[in-house]
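Note: the block below is run19.cif and it holds mmCIF, C-alpha atoms and all ligand atoms.
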```cif
data_entry
#
loop_
_atom_site.group_PDB
_atom_site.id
_atom_site.type_symbol
_atom_site.label_atom_id
_atom_site.label_comp_id
_atom_site.auth_asym_id
_atom_site.auth_seq_id
_atom_site.Cartn_x
_atom_site.Cartn_y
_atom_site.Cartn_z
ATOM 1 C CA MET W 1 43.531 43.793 -75.403
ATOM 2 C CA THR W 2 45.641 40.701 -75.721
ATOM 3 C CA SER W 3 49.358 40.632 -75.929
ATOM 4 C CA PHE W 4 50.963 37.872 -77.937
ATOM 5 C CA GLY W 5 53.545 36.058 -75.872
ATOM 6 C CA ARG W 6 52.622 37.423 -72.458
ATOM 7 C CA ASP W 7 51.999 33.756 -71.637
ATOM 8 C CA THR W 8 54.841 31.888 -73.378
ATOM 9 C CA ARG W 9 55.593 28.201 -72.823
ATOM 10 C CA ARG W 10 59.157 27.236 -73.737
ATOM 11 C CA PHE W 11 60.385 23.807 -74.696
ATOM 12 C CA ASP W 12 63.739 22.484 -75.729
ATOM 13 C CA ARG W 13 62.926 19.599 -78.054
ATOM 14 C CA ILE W 14 59.350 18.567 -78.816
ATOM 15 C CA SER W 15 57.449 17.001 -81.654
ATOM 16 C CA SER W 16 55.572 20.107 -82.814
ATOM 17 C CA THR W 17 54.630 23.406 -81.182
ATOM 18 C CA GLN W 18 51.295 23.058 -83.018
ATOM 19 C CA ASP W 19 50.333 20.008 -80.954
ATOM 20 C CA ILE W 20 51.164 21.604 -77.594
ATOM 21 C CA ALA W 21 49.368 24.824 -78.567
ATOM 22 C CA ARG W 22 46.318 22.852 -79.652
ATOM 23 C CA GLU W 23 46.250 20.997 -76.320
ATOM 24 C CA LEU W 24 46.540 24.290 -74.450
ATOM 25 C CA ALA W 25 43.724 25.749 -76.549
ATOM 26 C CA ALA W 26 41.532 22.742 -75.739
ATOM 27 C CA GLN W 27 42.242 23.400 -72.048
ATOM 28 C CA GLY W 28 41.061 26.987 -72.476
ATOM 29 C CA ALA W 29 44.314 28.891 -73.088
ATOM 30 C CA GLY W 30 43.601 32.482 -74.038
ATOM 31 C CA GLU W 31 44.365 34.344 -77.240
ATOM 32 C CA GLY W 32 48.029 35.175 -77.585
ATOM 33 C CA THR W 33 49.327 32.156 -75.665
ATOM 34 C CA VAL W 34 52.576 31.161 -77.370
ATOM 35 C CA VAL W 35 54.482 27.877 -77.524
ATOM 36 C CA VAL W 36 58.155 28.059 -78.538
ATOM 37 C CA ALA W 37 60.559 25.179 -79.148
ATOM 38 C CA ARG W 38 64.277 25.263 -79.836
ATOM 39 C CA GLU W 39 63.984 22.146 -81.946
ATOM 40 C CA GLN W 40 61.108 20.059 -83.362
ATOM 41 C CA THR W 41 61.252 16.368 -84.169
ATOM 42 C CA GLY W 42 57.875 16.323 -85.947
ATOM 43 C CA GLY W 43 57.597 19.862 -87.308
ATOM 44 C CA ARG W 44 54.954 19.995 -90.005
ATOM 45 C CA GLY W 45 53.807 22.064 -92.926
ATOM 46 C CA ARG W 46 50.527 21.937 -94.789
ATOM 47 C CA LEU W 47 48.970 18.661 -95.974
ATOM 48 C CA GLY W 48 51.065 16.629 -93.548
ATOM 49 C CA ARG W 49 54.359 17.746 -95.064
ATOM 50 C CA GLN W 50 57.485 17.929 -92.954
ATOM 51 C CA TRP W 51 58.963 21.186 -91.636
ATOM 52 C CA VAL W 52 62.681 20.644 -91.089
ATOM 53 C CA SER W 53 63.295 22.079 -87.609
ATOM 54 C CA PRO W 54 66.874 21.793 -86.363
ATOM 55 C CA ARG W 55 68.272 23.854 -83.502
ATOM 56 C CA GLY W 56 68.963 27.451 -84.501
ATOM 57 C CA GLY W 57 65.578 28.090 -86.111
ATOM 58 C CA LEU W 58 62.566 29.887 -84.657
ATOM 59 C CA TYR W 59 59.565 27.606 -84.135
ATOM 60 C CA LEU W 60 56.474 28.966 -82.480
ATOM 61 C CA SER W 61 52.705 28.574 -82.388
ATOM 62 C CA ILE W 62 50.187 31.176 -81.273
ATOM 63 C CA VAL W 63 46.712 30.380 -79.908
ATOM 64 C CA LEU W 64 44.119 32.639 -81.545
ATOM 65 C CA ARG W 65 40.460 33.046 -80.646
ATOM 66 C CA PRO W 66 39.184 34.935 -83.676
ATOM 67 C CA LEU W 67 35.756 36.473 -83.756
ATOM 68 C CA TYR W 68 35.410 35.360 -87.359
ATOM 69 C CA GLY W 69 33.886 32.493 -89.276
ATOM 70 C CA PRO W 70 35.843 29.605 -90.845
ATOM 71 C CA SER W 71 35.818 31.271 -94.263
ATOM 72 C CA ASP W 72 37.965 34.049 -92.774
ATOM 73 C CA ALA W 73 40.805 31.698 -91.826
ATOM 74 C CA PRO W 74 42.815 32.478 -95.018
ATOM 75 C CA LYS W 75 42.881 36.140 -93.975
ATOM 76 C CA ILE W 76 44.783 35.133 -90.856
ATOM 77 C CA THR W 77 47.453 33.514 -93.033
ATOM 78 C CA ILE W 78 47.700 36.680 -95.143
ATOM 79 C CA ALA W 79 48.073 38.874 -92.046
ATOM 80 C CA ALA W 80 50.629 36.523 -90.504
ATOM 81 C CA ALA W 81 52.687 36.533 -93.712
ATOM 82 C CA VAL W 82 52.764 40.345 -93.718
ATOM 83 C CA GLY W 83 53.811 40.295 -90.055
ATOM 84 C CA VAL W 84 56.565 37.693 -90.459
ATOM 85 C CA ALA W 85 57.982 39.474 -93.517
ATOM 86 C CA GLY W 86 58.008 42.758 -91.574
ATOM 87 C CA ALA W 87 59.791 41.157 -88.630
ATOM 88 C CA ILE W 88 62.467 39.642 -90.874
ATOM 89 C CA GLU W 89 63.058 43.014 -92.464
ATOM 90 C CA GLU W 90 63.323 44.700 -89.082
ATOM 91 C CA ILE W 91 65.771 42.201 -87.599
ATOM 92 C CA ALA W 92 67.819 41.157 -90.632
ATOM 93 C CA ARG W 93 67.384 44.199 -92.900
ATOM 94 C CA LEU W 94 66.652 41.835 -95.774
ATOM 95 C CA THR W 95 63.839 42.278 -98.275
ATOM 96 C CA ALA W 96 61.291 39.575 -97.537
ATOM 97 C CA LEU W 97 58.667 38.695 -100.138
ATOM 98 C CA ILE W 98 55.490 36.652 -99.796
ATOM 99 C CA LYS W 99 54.511 33.786 -102.057
ATOM 100 C CA TRP W 100 50.808 33.066 -101.646
ATOM 101 C CA PRO W 101 49.606 31.734 -99.379
ATOM 102 C CA ASN W 102 52.189 31.016 -96.713
ATOM 103 C CA ASP W 103 55.791 31.206 -97.928
ATOM 104 C CA ILE W 104 58.223 33.953 -96.996
ATOM 105 C CA LEU W 105 61.104 34.300 -99.428
ATOM 106 C CA VAL W 106 64.439 36.050 -99.500
ATOM 107 C CA GLY W 107 65.452 36.223 -103.128
ATOM 108 C CA ALA W 108 63.787 33.165 -104.647
ATOM 109 C CA ARG W 109 64.434 30.987 -101.590
ATOM 110 C CA LYS W 110 62.078 30.041 -98.764
ATOM 111 C CA VAL W 111 63.187 31.382 -95.412
ATOM 112 C CA ALA W 112 59.971 30.969 -93.414
ATOM 113 C CA GLY W 113 56.630 29.192 -93.534
ATOM 114 C CA ILE W 114 53.264 29.661 -91.883
ATOM 115 C CA LEU W 115 50.726 27.024 -90.919
ATOM 116 C CA THR W 116 47.183 28.023 -89.954
ATOM 117 C CA GLU W 117 45.202 25.193 -88.365
ATOM 118 C CA ALA W 118 41.612 26.029 -87.462
ATOM 119 C CA SER W 119 39.098 24.226 -85.266
ATOM 120 C CA ALA W 120 35.601 25.296 -86.151
ATOM 121 C CA GLN W 121 32.387 24.846 -84.244
ATOM 122 C CA GLY W 122 29.625 25.318 -86.776
ATOM 123 C CA GLU W 123 29.848 28.844 -88.114
ATOM 124 C CA ARG W 124 32.374 29.943 -85.501
ATOM 125 C CA LEU W 125 36.110 29.478 -85.360
ATOM 126 C CA GLU W 126 36.674 27.918 -81.952
ATOM 127 C CA SER W 127 40.409 28.481 -82.158
ATOM 128 C CA VAL W 128 43.168 28.863 -84.700
ATOM 129 C CA ILE W 129 46.687 27.666 -84.055
ATOM 130 C CA LEU W 130 49.030 29.883 -86.036
ATOM 131 C CA GLY W 131 52.408 28.213 -86.542
ATOM 132 C CA ILE W 132 55.463 30.089 -87.720
ATOM 133 C CA GLY W 133 58.838 28.632 -88.623
ATOM 134 C CA VAL W 134 61.790 30.825 -89.574
ATOM 135 C CA ASN W 135 65.131 29.483 -90.782
ATOM 136 C CA ALA W 136 67.174 31.816 -88.615
ATOM 137 C CA ASN W 137 70.577 30.385 -87.673
ATOM 138 C CA VAL W 138 70.361 27.066 -89.495
ATOM 139 C CA ASP W 139 72.277 25.580 -92.366
ATOM 140 C CA THR W 140 69.829 24.659 -95.117
ATOM 141 C CA GLU W 141 72.564 22.915 -97.094
ATOM 142 C CA SER W 142 72.273 20.045 -94.623
ATOM 143 C CA PHE W 143 68.480 19.791 -95.156
ATOM 144 C CA PRO W 144 67.164 16.619 -96.763
ATOM 145 C CA PRO W 145 66.963 16.813 -100.558
ATOM 146 C CA GLY W 146 63.723 17.243 -102.494
ATOM 147 C CA LEU W 147 62.272 20.371 -100.865
ATOM 148 C CA LEU W 148 59.377 21.944 -102.789
ATOM 149 C CA MET W 149 61.535 24.977 -103.491
ATOM 150 C CA PRO W 150 65.077 26.049 -102.570
ATOM 151 C CA ALA W 151 65.536 27.101 -98.940
ATOM 152 C CA THR W 152 67.770 29.640 -97.260
ATOM 153 C CA SER W 153 68.324 30.974 -93.752
ATOM 154 C CA LEU W 154 68.853 34.431 -92.333
ATOM 155 C CA ARG W 155 72.355 33.444 -91.282
ATOM 156 C CA GLN W 156 73.213 32.251 -94.780
ATOM 157 C CA GLU W 157 71.906 35.483 -96.292
ATOM 158 C CA LEU W 158 73.625 37.737 -93.754
ATOM 159 C CA GLY W 159 76.831 35.833 -93.098
ATOM 160 C CA ARG W 160 76.179 36.177 -89.354
ATOM 161 C CA SER W 161 73.724 34.912 -86.773
ATOM 162 C CA VAL W 162 70.642 36.816 -85.682
ATOM 163 C CA ASP W 163 69.472 37.094 -82.072
ATOM 164 C CA LEU W 164 66.670 34.527 -81.760
ATOM 165 C CA GLY W 165 65.067 36.335 -78.824
ATOM 166 C CA GLN W 166 64.880 39.580 -80.764
ATOM 167 C CA LEU W 167 63.526 37.774 -83.801
ATOM 168 C CA GLU W 168 60.846 36.073 -81.691
ATOM 169 C CA ALA W 169 59.808 39.367 -80.105
ATOM 170 C CA ALA W 170 59.662 41.092 -83.499
ATOM 171 C CA VAL W 171 57.625 38.271 -85.059
ATOM 172 C CA LEU W 172 55.086 38.382 -82.213
ATOM 173 C CA ARG W 173 54.825 42.186 -82.330
ATOM 174 C CA HIS W 174 54.438 42.389 -86.120
ATOM 175 C CA VAL W 175 52.010 39.464 -86.320
ATOM 176 C CA GLU W 176 49.920 40.858 -83.469
ATOM 177 C CA GLY W 177 49.740 44.218 -85.243
ATOM 178 C CA ALA W 178 48.682 42.678 -88.550
ATOM 179 C CA TYR W 179 46.183 40.321 -86.900
ATOM 180 C CA GLY W 180 44.684 43.266 -85.030
ATOM 181 C CA SER W 181 43.962 44.903 -88.405
ATOM 182 C CA LEU W 182 41.970 41.984 -89.785
ATOM 183 C CA GLY W 183 38.518 43.240 -88.938
ATOM 184 C CA GLY W 184 36.412 45.210 -91.385
ATOM 185 C CA ALA W 185 37.896 47.985 -93.478
ATOM 186 C CA ARG W 186 41.339 47.730 -91.924
ATOM 187 C CA PHE W 187 41.968 44.484 -93.813
ATOM 188 C CA ALA W 188 42.471 46.691 -96.881
ATOM 189 C CA GLN W 189 45.698 47.968 -95.301
ATOM 190 C CA ILE W 190 46.926 44.419 -94.808
ATOM 191 C CA LEU W 191 46.073 43.569 -98.407
ATOM 192 C CA ASN W 192 48.020 46.589 -99.602
ATOM 193 C CA ALA W 193 51.030 45.610 -97.506
ATOM 194 C CA TRP W 194 50.692 42.074 -98.892
ATOM 195 C CA ARG W 195 50.578 43.353 -102.482
ATOM 196 C CA GLU W 196 53.724 45.425 -101.939
ATOM 197 C CA ARG W 197 55.534 42.320 -100.754
ATOM 198 C CA SER W 198 54.060 39.854 -103.207
ATOM 199 C CA ALA W 199 56.510 37.643 -105.062
ATOM 200 C CA ILE W 200 53.830 36.530 -107.519
ATOM 201 C CA ILE W 201 51.468 39.326 -108.578
ATOM 202 C CA GLY W 202 51.697 39.833 -112.310
ATOM 203 C CA GLN W 203 53.813 36.705 -112.745
ATOM 204 C CA ALA W 204 53.160 33.611 -114.810
ATOM 205 C CA VAL W 205 52.520 30.847 -112.291
ATOM 206 C CA ALA W 206 51.492 27.234 -111.985
ATOM 207 C CA VAL W 207 49.028 26.473 -109.202
ATOM 208 C CA ALA W 208 48.409 23.002 -107.806
ATOM 209 C CA THR W 209 45.075 23.003 -105.983
ATOM 210 C CA PRO W 210 43.762 19.979 -104.085
ATOM 211 C CA SER W 211 41.798 18.993 -107.204
ATOM 212 C CA GLU W 212 43.630 20.324 -110.289
ATOM 213 C CA LYS W 213 46.720 21.886 -111.778
ATOM 214 C CA LEU W 214 46.308 25.295 -113.402
ATOM 215 C CA THR W 215 48.600 27.741 -115.152
ATOM 216 C CA GLY W 216 48.064 31.427 -115.710
ATOM 217 C CA ARG W 217 48.915 34.817 -114.290
ATOM 218 C CA ALA W 218 48.564 35.738 -110.617
ATOM 219 C CA ILE W 219 46.377 38.839 -110.542
ATOM 220 C CA ASP W 220 45.710 39.646 -106.891
ATOM 221 C CA VAL W 221 44.359 38.360 -103.582
ATOM 222 C CA ASP W 222 40.718 39.115 -102.840
ATOM 223 C CA GLU W 223 39.135 40.447 -99.644
ATOM 224 C CA CYS W 224 38.912 36.876 -98.299
ATOM 225 C CA GLY W 225 42.600 36.109 -98.837
ATOM 226 C CA ALA W 226 41.980 33.906 -101.892
ATOM 227 C CA LEU W 227 44.250 34.079 -104.953
ATOM 228 C CA ILE W 228 42.831 35.436 -108.202
ATOM 229 C CA LEU W 229 44.336 33.612 -111.160
ATOM 230 C CA GLU W 230 43.795 34.526 -114.805
ATOM 231 C CA LEU W 231 43.964 31.478 -117.048
ATOM 232 C CA GLU W 232 45.394 31.648 -120.551
ATOM 233 C CA SER W 233 41.808 31.698 -121.859
ATOM 234 C CA GLY W 234 41.229 34.950 -119.959
ATOM 235 C CA GLU W 235 38.904 33.265 -117.473
ATOM 236 C CA ARG W 236 39.476 34.288 -113.862
ATOM 237 C CA ARG W 237 39.518 31.713 -111.087
ATOM 238 C CA VAL W 238 39.446 32.256 -107.351
ATOM 239 C CA ILE W 239 41.768 29.805 -105.620
ATOM 240 C CA GLN W 240 41.166 29.080 -101.939
ATOM 241 C CA ALA W 241 44.068 26.696 -101.319
ATOM 242 C CA GLY W 242 47.042 25.436 -103.265
ATOM 243 C CA ASP W 243 50.747 25.624 -104.004
ATOM 244 C CA VAL W 244 52.131 28.234 -106.381
ATOM 245 C CA THR W 245 55.229 27.872 -108.503
ATOM 246 C CA VAL W 246 56.519 30.917 -110.333
ATOM 247 C CA SER W 247 57.134 29.763 -113.902
ATOM 248 C CA SER W 248 60.751 30.930 -113.934
ATOM 249 C CA GLU W 249 61.441 28.474 -111.052
ATOM 250 C CA GLN W 250 60.186 25.479 -113.030
HETATM 251 C C1 LIG R 1 54.809 25.534 -94.454
HETATM 252 O O1 LIG R 1 54.181 24.483 -95.048
HETATM 253 O O2 LIG R 1 55.587 26.271 -94.993
HETATM 254 C C2 LIG R 1 54.424 25.729 -92.991
HETATM 255 C C3 LIG R 1 55.585 25.638 -92.043
HETATM 256 C C4 LIG R 1 55.170 25.907 -90.616
HETATM 257 C C5 LIG R 1 56.234 25.511 -89.643
HETATM 258 C C6 LIG R 1 55.901 25.932 -88.233
HETATM 259 S S1 LIG R 1 57.268 25.736 -87.137
HETATM 260 C C7 LIG R 1 56.255 26.044 -85.777
HETATM 261 C C8 LIG R 1 54.951 25.307 -86.051
HETATM 262 N N1 LIG R 1 55.049 23.932 -85.614
HETATM 263 C C9 LIG R 1 54.955 23.076 -86.653
HETATM 264 O O3 LIG R 1 55.002 21.828 -86.553
HETATM 265 N N2 LIG R 1 54.790 23.761 -87.795
HETATM 266 C C10 LIG R 1 54.751 25.196 -87.560
HETATM 267 P P1 LIG R 1 54.224 24.103 -96.594
HETATM 268 O O4 LIG R 1 53.879 25.295 -97.433
HETATM 269 O O5 LIG R 1 53.374 22.883 -96.728
HETATM 270 O O6 LIG R 1 55.740 23.790 -96.860
HETATM 271 C C11 LIG R 1 56.331 22.577 -96.453
HETATM 272 C C12 LIG R 1 57.395 22.236 -97.468
HETATM 273 O O7 LIG R 1 58.483 23.170 -97.344
HETATM 274 C C13 LIG R 1 58.010 20.866 -97.255
HETATM 275 O O8 LIG R 1 57.314 19.876 -97.944
HETATM 276 C C14 LIG R 1 59.423 21.060 -97.812
HETATM 277 O O9 LIG R 1 59.442 20.919 -99.232
HETATM 278 C C15 LIG R 1 59.723 22.510 -97.494
HETATM 279 N N3 LIG R 1 60.456 22.679 -96.230
HETATM 280 C C16 LIG R 1 60.462 21.876 -95.138
HETATM 281 N N4 LIG R 1 61.197 22.400 -94.148
HETATM 282 C C17 LIG R 1 61.669 23.580 -94.615
HETATM 283 C C18 LIG R 1 62.464 24.598 -94.056
HETATM 284 N N5 LIG R 1 62.913 24.556 -92.783
HETATM 285 N N6 LIG R 1 62.764 25.664 -94.843
HETATM 286 C C19 LIG R 1 62.307 25.760 -96.111
HETATM 287 N N7 LIG R 1 61.528 24.835 -96.699
HETATM 288 C C20 LIG R 1 61.207 23.752 -95.951
#
```
Would you write out, as structure tokens, the structure that this file holds?
Ligand code: BT5
Amino acid sequence: MTSFGRDTRRFDRISSTQDIARELAAQGAGEGTVVVAREQTGGRGRLGRQWVSPRGGLYLSIVLRPLYGPSDAPKITIAAAVGVAGAIEEIARLTALIKWPNDILVGARKVAGILTEASAQGERLESVILGIGVNANVDTESFPPGLLMPATSLRQELGRSVDLGQLEAAVLRHVEGAYGSLGGARFAQILNAWRERSAIIGQAVAVATPSEKLTGRAIDVDECGALILELESGERRVIQAGDVTVSSEQ
């Protein structure tokens, strides 16, 4: 039985918690080892994008040692999203929705993001570094322009600051619970929780995959964590990776 955060390494200002966590994993750090920074100078999102990480936000990475294969990595993102949304609801009492695969929204604004970076050895996942960034007590109005979608913070939504320590503890507890339900039949519970929180199911969406741009209706996520999209022709496509825009945002 692991416990996320029992071994927590704290930093003030570093490039990215992902890099430190990856180094620790390479040195043999166990599952549940956590790296937390108060500020990141090179915080990153998917595909080399920037994650704006000023002081006041929550930035952490968790070392995972999953007993799954690389094709299961998207399920970890789904479970983490359910966990982060649950933690935000517990601490801030705000309704948090999930936009596949890795965005947590309050209203139609992004309040948190998840980055799942896997190192595979053949058919085995050697480690996964699960990165979580939450705009807690930050001012997104001072963020650089041109974000993929509008951003918000818990403080902006609430009109008061949240306790970062409590938020961190809640994120680790909720994510650990969801991650612990990944195996076998219990993933169905995570999928149901995901569906209840989905910001996109049933909506007209545009999806940019690494190779093409598609439009259609988001139908569901499958048992592997992939998005099921119905094109205007009625054809169904299973999307493993991509960025979703809800049509009303365009
Ligand atoms: C993500 O990527 O949303 C994953 C974010 C993961 C951040 C955590 S913090 C701890 C750990 N250490 C790291 O270095 N990273 C992880 P993606 O879906 O690719 O979204 C990135 C896009 O979101 C950017 O291109 C911007 O448009 C936008 N963005 C950047 N910073 C943001 C912020 N603080 N709040 C909302 N949107 C932001």
Considering all atoms listed in the file, tabulate each residue of segment 141-191 of chain W that lies at most 9 Å from segment 58-65 of chain W along with its nearest interatomic pair and the corresponding distance in Å to one decimal; arrange the rows by chain and ascending residue number and present them as JSON lines.
```
{"residue": "W:Leu164", "atom": "CA", "partner": "W:Leu58", "partner_atom": "CA", "distance": 6.8}
{"residue": "W:Leu167", "atom": "CA", "partner": "W:Leu58", "partner_atom": "CA", "distance": 8.0}
{"residue": "W:Glu168", "atom": "CA", "partner": "W:Leu58", "partner_atom": "CA", "distance": 7.1}
{"residue": "W:Leu172", "atom": "CA", "partner": "W:Ile62", "partner_atom": "CA", "distance": 8.8}
```
(message) For ligand LIG 1 (chain R), return the neighbouring residues as a ChimeraX atom specification (distance at most 7 Å; only C-alpha atoms and all ligand atoms).
(response) /W:16-18,42-47,49-53,59-61,102-103,110-115,131-133,135,146-152
(request) Starting from the shown file, work through the PyMOL selection byres (((chain W and resi 190) around 12) and not hetatm) and note down what comes out as a PyMOL selection string. (result) chain W and resi 75-83+86+174-175+177-189+191-198+221-225
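Using all atoms listed in the file, the smallest distance between any of W:Leu24, W:Ala118, W:Val238, W:Ile129 and Asp220 of chain W comes from W:Val238.
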(request) Select, counting only C-alpha atoms, all protein, DNA and RNA residues no farther than 6 Å from (52.0, 27.2, -76.4) in file coordinates, and express the selection as an MDAnalysis selection string. (result) chainID W and resid 9 20:21 33:35
Can you report as AutoDock Vina command-line options the centre and edge lengths in Å, to one decimal, of an axis-aligned box around the listed atoms of segment 133-152 of chain W padded with 5 Å on each side?
```
--center_x 65.7 --center_y 24.2 --center_z -95.6 --size_x 23.7 --size_y 25.2 --size_z 25.8
```
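Of note, atom CA of Asp243 of chain W and atom CA of Ala206 of chain W are spaced 8.2 Å apart.
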(request) Within 7 Å of segment 66-68 of chain W, counting only C-alpha atoms, which residues show up once you throw out same-chain ones fewer than 6 positions away? Write them as a VMD selection string, please. (result) chain W and resid 124 to 125 127
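Atom pair atom CA of Gly32 of chain W / atom CA of Ala169 of chain W has a distance of 12.8 Å (rounded to one decimal).
Of the listed residues W:Glu117, W:Pro144, W:Lys99, W:Asn137, the one whose atoms come nearest to Val205 of chain W is W:Lys99, with distances taken using all atoms listed in the file.
With distances restricted to only C-alpha atoms, W:Ser153 is the closest residue to Ala136 of chain W from W:Ser153, W:Gln166, W:Thr116, W:Thr209.
You can rank W:Val246, W:Leu214, W:Ile98, W:Val138 by their closest distance to Glu39 of chain W using all atoms listed in the file, and at the top of that list sits W:Val138.
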(message) Given the point (46.2, 32.5, -111.5) in the file's coordinates, find the residues that have an atom at most 9 Å from it, counting all atoms listed in the file, and give them as an MDAnalysis selection string.
(response) chainID W and resid 203:207 214:220 227:231 236:239 244
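Atom CA of Gly56 of chain W is positioned 13.9 Å from atom CA of Glu141 of chain W.
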